[in-house]
Amino acid sequence: MKEIKTNAMRQLDKAHIKYEVLTYDIAKEEFDGEVVSDMLGLDHDICFKTLALSHGSDLYIIAIPVNKNIDLKKAAREAGVKSFEMIKVKDLKAKVGYERGSVSPIGIRAKHKLIFDKSVNDLAKIEISGGMLGIGLLLDRKELIDYLKPLILDVCKEEI
């Protein structure tokens, strides 16, 4: 069987960033970050989901732990914009280049601003989507952040 190389993997290879490919099997309609984290045997705090948002015509890609929820008002305030709106699932492919369950912070062709939740600073390793449903990438957090150069902001809802 031919090894699959996603755009995200090719970009990491080009940047000489090591990563571990993690695979899982889940139906598109059943996709859930916490379920995938459990399938991979990883702590929810190190597995990040990638959200696509807009502010007017500007595209924002925000990565947060799978067990947290984004606080749209706080995120907008932290990013210095008036408000954010989630990109609708049906519009993801056209606007971001990925479908639900495969959105990766790496390899988005559209011009965008990238934000990671501040909790990323507490981690040694991070798992992100590999750019295809069923593929995750586990890599060194510092290498990823140094490569992507995202804003690191407080964007999640406070836990009660």
# chains A, B, ... in the order shown; residues from 1 in each chain; ligands from 1
call {"tool": "residues_around", "arguments": {"residues": "stretch 26-43 of chain A", "least_positions_apart": "4", "cutoff": "8 Å", "atoms": "only C-alpha atoms", "output": "PyMOL selection string"}}
result
chain A and resi 22+47-49+66-67+100-101+133-134
call {"tool": "select_by_dssp", "arguments": {"residues": "chain A", "states": "strand (DSSP E or B)", "output": "ChimeraX atom specification"}}
result
/A:19-23,47-55,58-65,70,85-86,113-117,125-132,135-140,151-153,156
call {"tool": "closest_residue", "arguments": {"among": "A:Leu114, A:Ile70, A:Val96, A:Val21", "to": "A:Cys156", "atoms": "only C-alpha atoms"}}
result
A:Ile70
call {"tool": "residues_around", "arguments": {"residues": "A:Lys149", "least_positions_apart": "2", "cutoff": "12 Å", "atoms": "only C-alpha atoms", "output": "list of chain:residue names"}}
result
A:Pro105, A:Ile106, A:Lys113, A:Leu114, A:Ile115, A:Phe116, A:Arg141, A:Lys142, A:Glu143, A:Leu144, A:Ile145, A:Asp146, A:Tyr147, A:Leu151, A:Ile152
call {"tool": "closest_residue", "arguments": {"among": "A:His44, A:Lys5, A:Lys18, A:Lys95", "to": "A:Ile64", "atoms": "only C-alpha atoms"}}
result
A:His44
call {"tool": "closest_residue", "arguments": {"among": "A:Leu51, A:Lys90, A:Asp117, A:Val103", "to": "A:Gly130", "atoms": "only C-alpha atoms"}}
result
A:Val103
call {"tool": "closest_residue", "arguments": {"among": "A:Met132, A:Ala75, A:Ala110, A:Ala15", "to": "A:Ala63", "atoms": "only C-alpha atoms"}}
result
A:Ala75
call {"tool": "atom_distance", "arguments": {"atom1": "atom CA of A:Ser119", "atom2": "atom CA of A:Asp45"}}
result
8.3 Å
call {"tool": "closest_residue", "arguments": {"among": "A:Met86, A:Gly131, A:Ser54, A:Leu59", "to": "A:Arg10", "atoms": "only C-alpha atoms"}}
result
A:Gly131
call {"tool": "atom_distance", "arguments": {"atom1": "atom CA of A:Lys74", "atom2": "atom CA of A:Glu158"}}
result
10.2 Å
call {"tool": "residues_around", "arguments": {"residues": "A:Ser83", "least_positions_apart": "5", "cutoff": "8 Å", "atoms": "only C-alpha atoms", "output": "VMD selection string"}}
result
chain A and resid 55 72 to 73 76 to 77
call {"tool": "atom_distance", "arguments": {"atom1": "atom CA of A:Pro65", "atom2": "atom CA of A:Lys118"}}
result
10.0 Å
call {"tool": "closest_residue", "arguments": {"among": "A:Leu53, A:Lys82, A:Ile108, A:Val155", "to": "A:Lys68", "atoms": "only C-alpha atoms"}}
result
A:Val155
